[in-house]
Structure formats: structure tokens, C-alpha cells
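Structure record follows, encoded as C-alpha cells.
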Amino acid sequence: MGWLTDWRRRRVLRNHRMDDALWPRLPFLPRSPPAERKLKDLALVFLAEKQFTAVQGLALTDAMRVSIAAQACLPILELGLDWYSGWTGIVVYPGDFRVQRTELDEDGVVHEWEDELAGEAMPGGPVVLSWDATAHDPHMNVVLHEFAHKLDMLDGIADGKPPLHAGMDARAWRKALDEAYEGLCDAVERGRDTWLDPYASEHPSEFFAVVSEAFFEDPREMRRRYPDVYDQLKLFYRQDPA
């Protein structure tokens with residue numbers, strides 16, 4: 001049924017346009033007219049296909065929805081919207097939100113606790129975002145982060161390795177990202193300052209999400225500090241933002 005999806009997307013682009021006044025002035029979004037036009041079209045179709053839900057009294061404006069859509073579509077600019085298929089929901093809280101966690105340890109003991117989060121991507125389910133973190137947190141890009149998780153989950157598990165394109169070398173991917181991840185973990189354990197957010201040391205999936213943020217937001221520094229990781233992300237995202 002891909003032809004039907006393509007027809008619907010062409011109809012959206014024929015019948016709607018992106019209001020330039022709503023487009024976010026974020027420094028890491030592409031500035032060249034062809035790339036900006038392509039991203040606007042992608043965001044327009046994204047807005048037509050995804051369902052936004054505001055909770056806890058948040059007044060979700062068109063400008064807020066467009067800002068989220070623009071950032072969410074940046075990683076798939078050269079991949080296409082089908083990389084976000086299989087789910088529709090985007091839930092936006094006014095601020096950080098609490099989730100209940102349950103874990104069964106190796107001894108069979110169930111542990112329960114609450115996490116306070118700025119964002120969460122659920123396998124097969126919605127992306128949940130804090131608007132306050134989305135708009136004001138200078139230390140992370142919660143939209144890029146959570147949508148990188150969505151890409152990572154496409155092969156069924158969040159492990160820091162999304163489905164790679166034909167011609168990409170899985171061993172080269174693992175070598176580049178594993179070595180960088182282990183180096184970061186070692187620096188964090190030793191109490192050293194790190195350029196990347198130390199949260200990236202929590203798990204390989206978090207490392208992938210954090211380096212994806214850096215790839216788009218500070219690509220030249222990312223390329224300088226992690227050239228091998230940058231090269232792999234360049235192949236995966238099919239973009240060279242530096």
C-alpha cells in the first residue's frame with residue numbers, strides 16, 4: 001500500500017503549505033534554500049501523519065508543533081518519513097514528567113521506583129516530551145535525542161545500532177561507537193569532565209542518542225573529537241552537517 005501513502009503525502013503538499021512565520025529559527029537547521037524547503041515539506045507531512053496530544057493543561061500552539069516537527073524530521077531528512085512508521089502519537093507535557101518503573105533482578109526480586117524524565121520514546125508507541133526541556137534546556141536536545149531512540153528501536157531493540165543501510169559495515173559501526181562509548185565510560189568513572197553529556201555513558205543506546213544530538217547541533221566539534229563516530233553517523237543519516 002506504499003502507493004496510497006505516497007498519494008496522500010503528495011496531496012498534503014499540494015493542499016497545504018508551511019507558514020514561514022512559524023518556522024523555528026534554530027541555528028542547527030539547514031539554511032540552504034533546497035535543504036530548508038525539503039525539511040519544511042517533510043515537517044508538513046509529519047504534522048499531517050502524527051497526532052499531537054498536550055497534557056496537564058499545556059496549551060500546544062502551532063509554533064510549538066512546528067518546532068517539534070522540524071527537529072524530529074532533521075535526522076530523517078535524507079531517509080524519509082517511513083523511518084517513523086508504525087506509530088503516531090507525540091505526547092507533550094509542560095515540564096518534566098514522572099513514570100513508574102518496575103524491574104525484576106537476577107534473584108527474582110521486583111524493584112519499583114519513579115523516574116523524572118524530560119523525554120521518552122516507547123517501542124511501537126508514542127514519543128513523550130517535556131516542552132520546557134524542548135524549549136529551554138541548553139544541555140540537551142530532547143527532540144533529537146528521543147527521535148534517535150525511535151530510529152535505534154526499528155530493529156526491535158534499543159542497543160545503539162539502528163538498522164544500517166546496505167553497504168555499511170556493521171563491524172566498523174561497532175568498533176567506532178563501542179570504542180568511543182568505552183572511553184566516555186572510563187572518563188566518567190574517573191570523574192573527569194567530558195565534552196559529551198555524561199548521561200551518554202548510561203547505555204550504548206543513550207550514547208547513540210547523545211552523539212546524534214551532537215552530530216546535528218555541533219557537527220564540527222563532533223567531527224574533531226570523534227572522527228570515526230562522525231563518519232559512521234554521516235553514512236547512517238546520509239548527511240554531512242559539518
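Naming works like this for the C-alpha cells: A, B, ... for the chains as they're shown, residue 1 at the start of each chain, ligands 1 onward in shown order.
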Could you find all residues in range 77-146 of chain A that DSSP calls strand (DSSP E) from the backbone, and write them as a PyMOL selection string?
-> chain A and resi 89-93+97-104+110-117+119-121+127-130
Keeping only N, CA and C atoms, take the residues you just selected and write them out as a CSV table (one decimal), in the first residue's frame.
```
chain,number,residue,atom,x,y,z
A,89,GLY,N,1.7,8.7,17.9
A,89,GLY,CA,1.5,9.7,19.0
A,89,GLY,C,2.7,10.4,19.4
A,90,ILE,N,2.5,11.7,19.7
A,90,ILE,CA,3.5,12.6,20.3
A,90,ILE,C,2.8,13.3,21.5
A,91,VAL,N,3.2,13.0,22.7
A,91,VAL,CA,2.6,13.5,23.9
A,91,VAL,C,3.5,14.6,24.5
A,92,VAL,N,3.0,15.7,24.7
A,92,VAL,CA,3.8,16.9,25.2
A,92,VAL,C,3.3,17.3,26.6
A,93,TYR,N,4.2,17.2,27.6
A,93,TYR,CA,3.9,17.7,28.9
A,93,TYR,C,4.5,19.2,29.0
A,97,PHE,N,8.2,14.9,33.6
A,97,PHE,CA,7.1,14.1,34.0
A,97,PHE,C,7.6,12.8,34.7
A,98,ARG,N,6.8,12.2,35.5
A,98,ARG,CA,7.2,11.1,36.3
A,98,ARG,C,6.6,9.8,35.6
A,99,VAL,N,7.4,8.7,35.6
A,99,VAL,CA,7.0,7.4,35.2
A,99,VAL,C,7.3,6.4,36.2
A,100,GLN,N,6.5,5.4,36.3
A,100,GLN,CA,6.7,4.3,37.3
A,100,GLN,C,7.5,3.2,36.6
A,101,ARG,N,8.6,2.8,37.2
A,101,ARG,CA,9.5,1.7,36.7
A,101,ARG,C,9.4,0.5,37.6
A,102,THR,N,9.4,-0.7,36.9
A,102,THR,CA,9.5,-2.0,37.6
A,102,THR,C,10.6,-2.8,36.9
A,103,GLU,N,11.4,-3.5,37.8
A,103,GLU,CA,12.4,-4.3,37.3
A,103,GLU,C,12.6,-5.6,38.1
A,104,LEU,N,12.7,-6.7,37.4
A,104,LEU,CA,12.9,-8.0,38.1
A,104,LEU,C,14.4,-8.3,38.1
A,110,VAL,N,11.4,-8.0,42.7
A,110,VAL,CA,10.9,-6.9,42.0
A,110,VAL,C,11.2,-5.6,42.6
A,111,HIS,N,11.8,-4.7,41.8
A,111,HIS,CA,12.1,-3.4,42.3
A,111,HIS,C,11.2,-2.4,41.6
A,112,GLU,N,10.6,-1.4,42.3
A,112,GLU,CA,9.8,-0.4,41.8
A,112,GLU,C,10.3,1.0,42.2
A,113,TRP,N,10.3,1.9,41.3
A,113,TRP,CA,10.7,3.3,41.6
A,113,TRP,C,10.1,4.3,40.6
A,114,GLU,N,10.3,5.5,40.9
A,114,GLU,CA,9.8,6.6,40.0
A,114,GLU,C,11.0,7.3,39.3
A,115,ASP,N,10.8,7.5,38.0
A,115,ASP,CA,11.8,8.3,37.3
A,115,ASP,C,11.2,9.7,36.9
A,116,GLU,N,12.0,10.7,36.9
A,116,GLU,CA,11.5,12.0,36.4
A,116,GLU,C,12.2,12.2,35.1
A,117,LEU,N,11.5,12.4,34.0
A,117,LEU,CA,12.1,12.4,32.7
A,117,LEU,C,11.7,13.7,31.9
A,119,GLY,N,12.0,13.3,28.5
A,119,GLY,CA,11.5,12.7,27.2
A,119,GLY,C,11.6,11.2,27.3
A,120,GLU,N,10.8,10.6,26.5
A,120,GLU,CA,10.8,9.1,26.5
A,120,GLU,C,10.3,8.6,25.1
A,121,ALA,N,11.0,7.7,24.5
A,121,ALA,CA,10.5,7.0,23.3
A,121,ALA,C,10.1,5.6,23.6
A,127,VAL,N,6.1,9.1,21.3
A,127,VAL,CA,7.3,9.9,21.9
A,127,VAL,C,6.7,10.8,22.9
A,128,VAL,N,7.3,10.9,24.1
A,128,VAL,CA,6.8,11.8,25.1
A,128,VAL,C,7.8,12.8,25.4
A,129,LEU,N,7.4,14.1,25.4
A,129,LEU,CA,8.4,15.2,25.5
A,129,LEU,C,7.9,16.2,26.6
A,130,SER,N,8.9,16.8,27.3
A,130,SER,CA,8.7,17.9,28.1
A,130,SER,C,8.9,19.2,27.3
```
Determine, for each residue of range 36-91 of chain A having at least one atom at most 10 Å from an atom of range 206-225 of chain A, the closest pair of atoms and their separation in Å to one decimal, counting only C-alpha atoms; order by chain and ascending number, as a Markdown table.
```
| residue | atom | partner | partner_atom | distance |
| --- | --- | --- | --- | --- |
| A:Gln71 | CA | A:Phe216 | CA | 9.8 |
| A:Leu74 | CA | A:Phe216 | CA | 8.3 |
| A:Pro75 | CA | A:Phe216 | CA | 8.1 |
```
Save out the residues we just selected, N, CA and C atoms, as a PDB file, in the first residue's frame.
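File produced: part_10.pdb:
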```
ATOM      1  N   GLN A  71      12.528  19.635  14.177  1.00  0.00           N
ATOM      2  CA  GLN A  71      13.660  18.952  14.803  1.00  0.00           C
ATOM      3  C   GLN A  71      13.556  17.435  14.641  1.00  0.00           C
ATOM      4  N   LEU A  74      14.669  16.443  11.073  1.00  0.00           N
ATOM      5  CA  LEU A  74      16.054  16.667  10.658  1.00  0.00           C
ATOM      6  C   LEU A  74      16.839  15.356  10.511  1.00  0.00           C
ATOM      7  N   PRO A  75      16.777  14.416  11.469  1.00  0.00           N
ATOM      8  CA  PRO A  75      17.543  13.175  11.291  1.00  0.00           C
ATOM      9  C   PRO A  75      17.110  12.340  10.087  1.00  0.00           C
TER      10      PRO A  75
END
```
Using only C-alpha atoms: which of A:His165, A:Arg238, A:His145, A:Arg8 has the shortest distance to Ile68 in chain A | A:His145
Residue contacts of Arg65 in chain A (12 Å, only C-alpha atoms) excluding same-chain residues fewer than 6 positions away, as JSON, numbers by chain | {"A": [18, 22, 23, 24, 43, 44, 46, 47, 48, 50, 51, 52, 53, 54, 59, 71, 72, 90, 91, 92, 129, 131, 134, 135, 143]}
Residues just named, written with C-alpha atoms as a PDB file, in the first residue's frame:
```pdb
ATOM      1  CA  MET A  18       4.260  25.772   5.818  1.00  0.00           C
ATOM      2  CA  LEU A  22       6.003  29.509  12.302  1.00  0.00           C
ATOM      3  CA  TRP A  23       9.333  28.047  11.189  1.00  0.00           C
ATOM      4  CA  PRO A  24      11.767  27.853  14.144  1.00  0.00           C
ATOM      5  CA  ALA A  43       7.710  18.517   8.545  1.00  0.00           C
ATOM      6  CA  LEU A  44       4.396  19.391   6.886  1.00  0.00           C
ATOM      7  CA  PHE A  46       4.929  14.711   9.551  1.00  0.00           C
ATOM      8  CA  LEU A  47       2.368  17.064  11.107  1.00  0.00           C
ATOM      9  CA  ALA A  48      -0.356  15.540   8.947  1.00  0.00           C
ATOM     10  CA  LYS A  50       1.370  12.291  13.607  1.00  0.00           C
ATOM     11  CA  GLN A  51      -1.084  13.028  16.386  1.00  0.00           C
ATOM     12  CA  PHE A  52      -0.017  15.583  19.000  1.00  0.00           C
ATOM     13  CA  THR A  53      -1.561  15.427  22.469  1.00  0.00           C
ATOM     14  CA  ALA A  54      -0.981  18.078  25.127  1.00  0.00           C
ATOM     15  CA  ALA A  59      -1.671  24.949  25.503  1.00  0.00           C
ATOM     16  CA  GLN A  71      13.660  18.952  14.803  1.00  0.00           C
ATOM     17  CA  ALA A  72      12.154  15.467  14.575  1.00  0.00           C
ATOM     18  CA  ILE A  90       3.517  12.585  20.332  1.00  0.00           C
ATOM     19  CA  VAL A  91       2.592  13.499  23.900  1.00  0.00           C
ATOM     20  CA  VAL A  92       3.780  16.865  25.213  1.00  0.00           C
ATOM     21  CA  LEU A 129       8.380  15.215  25.504  1.00  0.00           C
ATOM     22  CA  TRP A 131       8.037  21.272  26.404  1.00  0.00           C
ATOM     23  CA  THR A 134      12.417  21.111  24.478  1.00  0.00           C
ATOM     24  CA  ALA A 135      12.379  24.906  24.515  1.00  0.00           C
ATOM     25  CA  VAL A 143      13.616  16.048  20.426  1.00  0.00           C
TER      26      VAL A 143
END
```
Take CA of Phe147 in chain A and CA of Cys185 in chain A and report the distance between them in Å, one decimal.
->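 Those two atoms sit 23.2 Å apart.
You can rank A:Gly124, A:His16, A:Pro94, A:Ala176 by their closest distance to Gln56 in chain A using only C-alpha atoms, and at the top of that list sits A:Pro94.
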Alpha helix (DSSP H) positions in range 88-237 of chain A, given as a PyMOL selection string | chain A and resi 131-136+142-152+170-189+204-217+219-225+227-237
Write the residues of the selection above to a file with C-alpha atoms, as a short mmCIF file (atom, residue, chain, number, x, y, z; two decimals), in the first residue's frame.
```cif
data_model
loop_
_atom_site.label_atom_id
_atom_site.label_comp_id
_atom_site.auth_asym_id
_atom_site.auth_seq_id
_atom_site.Cartn_x
_atom_site.Cartn_y
_atom_site.Cartn_z
CA TRP A 131 8.04 21.27 26.40
CA ASP A 132 10.10 23.12 29.00
CA ALA A 133 13.11 20.90 28.21
CA THR A 134 12.42 21.11 24.48
CA ALA A 135 12.38 24.91 24.51
CA HIS A 136 14.80 25.82 27.28
CA VAL A 142 15.29 16.29 23.85
CA VAL A 143 13.62 16.05 20.43
CA LEU A 144 16.72 14.89 18.55
CA HIS A 145 17.51 12.57 21.46
CA GLU A 146 14.15 10.81 21.61
CA PHE A 147 13.74 10.53 17.86
CA ALA A 148 17.22 9.00 17.63
CA HIS A 149 15.91 6.39 20.07
CA LYS A 150 13.00 5.77 17.71
CA LEU A 151 15.45 5.03 14.89
CA ASP A 152 17.51 2.80 17.17
CA ALA A 170 28.39 -3.31 10.96
CA ARG A 171 31.87 -4.09 12.33
CA ALA A 172 33.10 -0.58 11.55
CA TRP A 173 29.99 0.85 13.22
CA ARG A 174 30.51 -1.21 16.35
CA LYS A 175 34.24 -0.51 16.51
CA ALA A 176 33.79 3.26 16.22
CA LEU A 177 30.88 3.60 18.64
CA ASP A 178 31.99 0.96 21.14
CA GLU A 179 35.47 2.44 21.49
CA ALA A 180 34.07 5.94 21.95
CA TYR A 181 31.45 4.70 24.42
CA GLU A 182 34.01 2.79 26.49
CA GLY A 183 36.31 5.81 26.53
CA LEU A 184 33.48 8.02 27.77
CA CYS A 185 32.51 5.49 30.45
CA ASP A 186 36.10 5.38 31.65
CA ALA A 187 36.30 9.18 31.83
CA VAL A 188 33.02 9.39 33.75
CA GLU A 189 34.12 6.69 36.21
CA PRO A 204 25.00 2.24 24.33
CA SER A 205 21.51 3.36 23.29
CA GLU A 206 21.92 6.59 25.25
CA PHE A 207 25.35 7.07 23.72
CA PHE A 208 23.86 6.80 20.23
CA ALA A 209 21.13 9.32 21.10
CA VAL A 210 23.58 11.81 22.64
CA VAL A 211 26.11 11.60 19.79
CA SER A 212 23.22 12.06 17.35
CA GLU A 213 22.36 15.31 19.15
CA ALA A 214 25.98 16.44 18.85
CA PHE A 215 26.17 15.37 15.19
CA PHE A 216 23.42 17.83 14.27
CA GLU A 217 23.91 20.60 16.85
CA PRO A 219 28.94 18.87 13.95
CA ARG A 220 32.39 20.41 13.52
CA GLU A 221 33.35 19.78 17.13
CA MET A 222 31.82 16.33 16.93
CA ARG A 223 33.92 15.55 13.87
CA ARG A 224 37.05 16.86 15.60
CA ARG A 225 36.57 14.91 18.82
CA PRO A 227 36.01 11.46 13.79
CA ASP A 228 35.27 7.74 13.45
CA VAL A 229 31.85 8.07 15.08
CA TYR A 230 31.12 11.12 12.93
CA ASP A 231 31.93 9.15 9.79
CA GLN A 232 29.54 6.36 10.77
CA LEU A 233 26.74 8.81 11.58
CA LYS A 234 27.37 10.57 8.28
CA LEU A 235 26.83 7.27 6.48
CA PHE A 236 23.74 6.40 8.50
CA TYR A 237 21.97 9.76 8.37
#
```
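Atom pair CA of Asn141 in chain A / CA of Val66 in chain A: separated by 15.4 Å.
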Separation of CA of Tyr199 in chain A from CA of Trp83 in chain A in Å =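 Atom-to-atom, CA of Trp83 in chain A and CA of Tyr199 in chain A are spaced 25.4 Å apart.
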Using only C-alpha atoms, find the one residue out of A:Leu196, A:Leu26, A:Ala69, A:Ile157 that sits nearest to Glu49 in chain A.
->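 Under the stated criterion, the closest residue is A:Ala69.
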